[in-house]
Amino acid sequence: MSLFQITVRKGKHWQAVAEQNCPHQITTDLSLRLTMQRGDFCLQIDNCLPLRGVTALFGRSGCGKTTLLRAIAGLDRHTGAEVQCGATIWQQGGRFVPVHQRRIGMVFQESSLLPHLTVEQNLLYGFNRLTKDTAITLQPDQVIQLLELTPLLQQAPEQLSGGQRQRVALGRALLSQPQLLLLDEPLASLDQQSRSEILPFLQRIGSQTGIAMLLVSHQLDDVVKLADNLVLMQDGRIHSQGPLPQQLLQPELAAIGAMSLLHAKNYGSTDHLLKLKLGQQQLQLPAPLHGDSANYSPTSYRLRIQARDVALSLKPLNDSSVSNQLQVSISGFNNAPHPAETLVQLTLEGQALQALLTKQSVERLGLQLGQQVYAQIKAVALD
């Protein structure tokens with residue numbers, strides 16, 4: 001079982017590409033006003049979504065995620081809806097900008113590649129049909145390199161695995177020169193091996209092209225690996241939204257599996273152990289065995305920590321195999337899904353961390369708000 005799970009967020013080579021080739025990336029908000037009644041279901045949205053990094057629309061099946069995404073794309077036209085991207089109105093009153101004029105790229109559960117074309121021809125299908133006034137911010141060779149598609153270019157779609165087909169679909173969407181990428185459950189139809197294959201490429205797109213992404217998912221693990229912001233939807237409405245680390249503290253997510261997201265800086269490795277720094281404190285964990293170190297020189301990491309994998313003590317434990325013992329302060333207590341347990345909210349160098357303890361342990365240790373304690377986090381495996 002993975003107690004620490006880690007994602008590279010920054011790379012030297014493609015960061016430079018993003019800085020040079022993404023002058024039109026969106027750095028504003030998407031304003032939405034929409035009411036749609038269908039049977040007993042009502043979608044009612046009046047919100048602004050951030051278009052910076054990766055924003056995940058998350059919630060249970062049937063909560064309205066895909067319906068909202070299709071309205072944003074212009075695939076469905078709802079009477080009275082208002083959709084505005086920055087200063088550009090996509091829908092309002094009698095004005096309706098069709099999907100092909102919204103500068104968006106779309107990837108769905110199924111790749112929908114054209115079966116009679118090769119991978120290369122599929123990639124270039126939309127690119128070769130761009131109008132002359134389209135600003136070209138991503139060239140085919142850059143996208144092919146980013147998604148490692150060179151060995152596949154002359155193959156037919158039927159020769160590809162599910163993960164490979166989704167990589168081609170992502171490349172085709174990127175070559176449409178989008179300002180916004182819409183991803184509707186892009187991993188849902190993949191087996192676990194294919195999901196593991198495609199995730200690193202989705203991570204690269206967000207951090208290395210500068211293109212904002214809206215991701216629809218009901219898999220919290222995928223969201224935590226990819227997203228910067230989380231929009232929690234319930235029963236056709238946006239229940240809450242904000243930066244991912246803060247949103248993970250929402251009690252509605254505890255039933256799925258309470259976890260925390262920490263940002264740490266890399267300061268080297270020794271004896272195959274990666275050394276990371278969180279503020280003034282340090283931790284170490286096994287270094288990744290695989291990775292394209294030629295293209296990446298990461299300086300910062302995201303750590304995903306399950307609340308059930310955090311233990312607390314009143315003082316450092318000297319006779320313990322757990323090397324990561326970090327000083328934290330207690331910032332709150334929340335109910336856990338099980339009546340015998342409590343979610344203890346902690347602050348670690350200004351970042352939020354959660355620990356799932358039994359109520360008996362909380363009482364036995366005499367834990368109180370504001371108390372300084374030590375969090376033991378066992379580093380035994382990585383994603």
# chains A, B, ... in the order shown; residues from 1 in each chain; ligands from 1
call {"tool": "residues_around", "arguments": {"residues": "Leu175 in chain A", "least_positions_apart": "2", "cutoff": "8 Å", "atoms": "only C-alpha atoms", "output": "list in words"}}
result
Leu123, Leu124, Gly126, Phe127, Leu138, Gln139, Pro140, Val143, Gly171, Arg172, Ala173, Gln177 and Pro178 of chain A
call {"tool": "residues_around", "arguments": {"residues": "range 309-322 of chain A", "least_positions_apart": "2", "cutoff": "8 Å", "atoms": "only C-alpha atoms", "output": "list in words"}}
result
Leu3, Ile305, Gln306, Ala307, Asn324, Gln325, Gln354, Ala355, Leu356, Leu357, Leu365, Gln372, Val373, Tyr374, Ala375, Gln376, Ile377, Lys378 and Ala379 of chain A
call {"tool": "write_last_selection", "arguments": {"atoms": "N, CA and C atoms", "output": "compact mmCIF listing (two decimals), in the first residue's frame"}}
result
# COMPACT_ATOMS: atom_id res chain seq x y z
N LEU A 3 1.85 4.79 0.99
CA LEU A 3 1.55 5.77 2.03
C LEU A 3 1.90 7.16 1.55
N ILE A 305 -0.95 12.04 0.98
CA ILE A 305 -0.84 11.27 2.22
C ILE A 305 -2.23 10.92 2.72
N GLN A 306 -2.49 9.63 2.87
CA GLN A 306 -3.77 9.18 3.42
C GLN A 306 -3.80 9.50 4.92
N ALA A 307 -4.96 9.98 5.38
CA ALA A 307 -5.10 10.34 6.80
C ALA A 307 -4.89 9.13 7.70
N ASN A 324 10.36 9.59 9.52
CA ASN A 324 9.72 10.89 9.29
C ASN A 324 8.81 11.23 10.47
N GLN A 325 9.34 12.02 11.38
CA GLN A 325 8.59 12.49 12.54
C GLN A 325 8.63 14.01 12.53
N GLN A 354 -3.97 15.89 7.66
CA GLN A 354 -5.02 15.22 8.41
C GLN A 354 -4.53 13.88 8.95
N ALA A 355 -5.00 13.53 10.14
CA ALA A 355 -4.70 12.24 10.74
C ALA A 355 -6.01 11.60 11.19
N LEU A 356 -6.20 10.33 10.87
CA LEU A 356 -7.39 9.61 11.28
C LEU A 356 -7.05 8.75 12.49
N LEU A 357 -7.63 9.12 13.65
CA LEU A 357 -7.35 8.42 14.90
C LEU A 357 -8.66 7.92 15.51
N LEU A 365 -4.37 10.43 24.72
CA LEU A 365 -3.25 11.37 24.59
C LEU A 365 -3.59 12.76 25.10
N GLN A 372 1.10 21.22 20.37
CA GLN A 372 2.20 20.81 19.51
C GLN A 372 2.44 19.31 19.72
N VAL A 373 2.39 18.55 18.63
CA VAL A 373 2.62 17.11 18.70
C VAL A 373 3.51 16.71 17.53
N TYR A 374 3.77 15.41 17.40
CA TYR A 374 4.63 14.91 16.33
C TYR A 374 3.83 13.93 15.45
N ALA A 375 3.92 14.15 14.16
CA ALA A 375 3.25 13.28 13.19
C ALA A 375 4.26 12.28 12.64
N GLN A 376 3.93 11.00 12.75
CA GLN A 376 4.76 9.94 12.19
C GLN A 376 4.15 9.51 10.85
N ILE A 377 4.93 9.64 9.79
CA ILE A 377 4.47 9.29 8.45
C ILE A 377 5.45 8.26 7.89
N LYS A 378 4.97 7.06 7.69
CA LYS A 378 5.85 5.99 7.24
C LYS A 378 6.04 6.05 5.73
N ALA A 379 7.27 6.23 5.28
CA ALA A 379 7.57 6.33 3.85
C ALA A 379 8.05 4.98 3.35
call {"tool": "residues_around", "arguments": {"residues": "Asp76 in chain A", "least_positions_apart": "6", "cutoff": "10 Å", "atoms": "only C-alpha atoms", "output": "list in words"}}
result
Thr67, Leu68, Leu69, Arg70, Pro98 and Val99 of chain A
call {"tool": "write_last_selection", "arguments": {"atoms": "N, CA and C atoms", "output": "PDB file, in the first residue's frame"}}
result
ATOM      1  N   THR A  67     -22.843  17.391 -17.798  1.00  0.00           N
ATOM      2  CA  THR A  67     -23.824  18.340 -18.337  1.00  0.00           C
ATOM      3  C   THR A  67     -23.260  19.755 -18.316  1.00  0.00           C
ATOM      4  N   LEU A  68     -22.590  20.107 -17.225  1.00  0.00           N
ATOM      5  CA  LEU A  68     -21.976  21.432 -17.124  1.00  0.00           C
ATOM      6  C   LEU A  68     -20.851  21.579 -18.131  1.00  0.00           C
ATOM      7  N   LEU A  69     -20.030  20.551 -18.280  1.00  0.00           N
ATOM      8  CA  LEU A  69     -18.910  20.622 -19.217  1.00  0.00           C
ATOM      9  C   LEU A  69     -19.410  20.800 -20.656  1.00  0.00           C
ATOM     10  N   ARG A  70     -20.477  20.093 -21.023  1.00  0.00           N
ATOM     11  CA  ARG A  70     -21.021  20.209 -22.373  1.00  0.00           C
ATOM     12  C   ARG A  70     -21.600  21.598 -22.626  1.00  0.00           C
ATOM     13  N   PRO A  98     -20.527  29.013 -31.512  1.00  0.00           N
ATOM     14  CA  PRO A  98     -20.467  27.556 -31.696  1.00  0.00           C
ATOM     15  C   PRO A  98     -19.166  26.981 -31.175  1.00  0.00           C
ATOM     16  N   VAL A  99     -19.173  25.680 -30.950  1.00  0.00           N
ATOM     17  CA  VAL A  99     -18.059  25.013 -30.294  1.00  0.00           C
ATOM     18  C   VAL A  99     -16.748  25.215 -31.034  1.00  0.00           C
TER      19      VAL A  99
END
call {"tool": "atom_distance", "arguments": {"atom1": "CA of Arg237 in chain A", "atom2": "CA of Arg60 in chain A"}}
result
11.9 Å
call {"tool": "select_by_dssp", "arguments": {"residues": "range 230-358 of chain A", "states": "strand (DSSP E)", "output": "MDAnalysis selection string"}}
result
chainID A and resid 230:234 237:243 259:270 273:278 281:286 300:306 310:313 325:335 341:348 351:358
call {"tool": "residues_around", "arguments": {"residues": "Asn47 in chain A", "least_positions_apart": "5", "cutoff": "9 Å", "atoms": "only C-alpha atoms", "output": "list in words"}}
result
Leu30, Ser31, Leu32, Arg33 and Ile238 of chain A
call {"tool": "write_last_selection", "arguments": {"atoms": "all heavy atoms", "output": "mmCIF file, in the first residue's frame"}}
result
data_model
loop_
_atom_site.group_PDB
_atom_site.id
_atom_site.type_symbol
_atom_site.label_atom_id
_atom_site.label_comp_id
_atom_site.auth_asym_id
_atom_site.auth_seq_id
_atom_site.Cartn_x
_atom_site.Cartn_y
_atom_site.Cartn_z
ATOM 1 N N LEU A 30 -13.888 31.694 -15.739
ATOM 2 C CA LEU A 30 -15.004 31.316 -16.587
ATOM 3 C C LEU A 30 -16.275 31.578 -15.794
ATOM 4 O O LEU A 30 -16.508 30.953 -14.756
ATOM 5 C CB LEU A 30 -14.886 29.834 -16.962
ATOM 6 C CG LEU A 30 -15.878 29.273 -17.964
ATOM 7 C CD1 LEU A 30 -15.669 29.900 -19.338
ATOM 8 C CD2 LEU A 30 -15.721 27.758 -18.057
ATOM 9 N N SER A 31 -17.077 32.512 -16.263
ATOM 10 C CA SER A 31 -18.308 32.895 -15.570
ATOM 11 C C SER A 31 -19.475 32.095 -16.125
ATOM 12 O O SER A 31 -19.701 32.067 -17.338
ATOM 13 C CB SER A 31 -18.550 34.398 -15.750
ATOM 14 O OG SER A 31 -19.770 34.779 -15.123
ATOM 15 N N LEU A 32 -20.225 31.444 -15.239
ATOM 16 C CA LEU A 32 -21.301 30.549 -15.652
ATOM 17 C C LEU A 32 -22.593 30.891 -14.932
ATOM 18 O O LEU A 32 -22.609 31.085 -13.712
ATOM 19 C CB LEU A 32 -20.934 29.088 -15.334
ATOM 20 C CG LEU A 32 -19.623 28.555 -15.918
ATOM 21 C CD1 LEU A 32 -19.257 27.233 -15.275
ATOM 22 C CD2 LEU A 32 -19.753 28.404 -17.427
ATOM 23 N N ARG A 33 -23.670 30.946 -15.696
ATOM 24 C CA ARG A 33 -25.005 31.106 -15.123
ATOM 25 C C ARG A 33 -25.936 30.210 -15.933
ATOM 26 O O ARG A 33 -26.163 30.442 -17.115
ATOM 27 C CB ARG A 33 -25.449 32.567 -15.190
ATOM 28 C CG ARG A 33 -26.646 32.888 -14.315
ATOM 29 C CD ARG A 33 -26.897 34.386 -14.268
ATOM 30 N NE ARG A 33 -25.951 35.066 -13.397
ATOM 31 C CZ ARG A 33 -25.972 36.383 -13.199
ATOM 32 N NH1 ARG A 33 -26.835 37.143 -13.859
ATOM 33 N NH2 ARG A 33 -25.107 36.939 -12.370
ATOM 34 N N ILE A 238 -22.873 23.573 -7.365
ATOM 35 C CA ILE A 238 -21.493 23.624 -6.876
ATOM 36 C C ILE A 238 -21.537 23.824 -5.374
ATOM 37 O O ILE A 238 -21.959 24.872 -4.878
ATOM 38 C CB ILE A 238 -20.699 24.740 -7.580
ATOM 39 C CG1 ILE A 238 -20.493 24.372 -9.062
ATOM 40 C CG2 ILE A 238 -19.343 24.950 -6.896
ATOM 41 C CD1 ILE A 238 -19.738 25.406 -9.869
#
call {"tool": "closest_residue", "arguments": {"among": "A:Ala81, A:Gln164, A:Ala87, A:Gln101", "to": "Leu113 in chain A", "atoms": "only C-alpha atoms"}}
result
A:Gln164
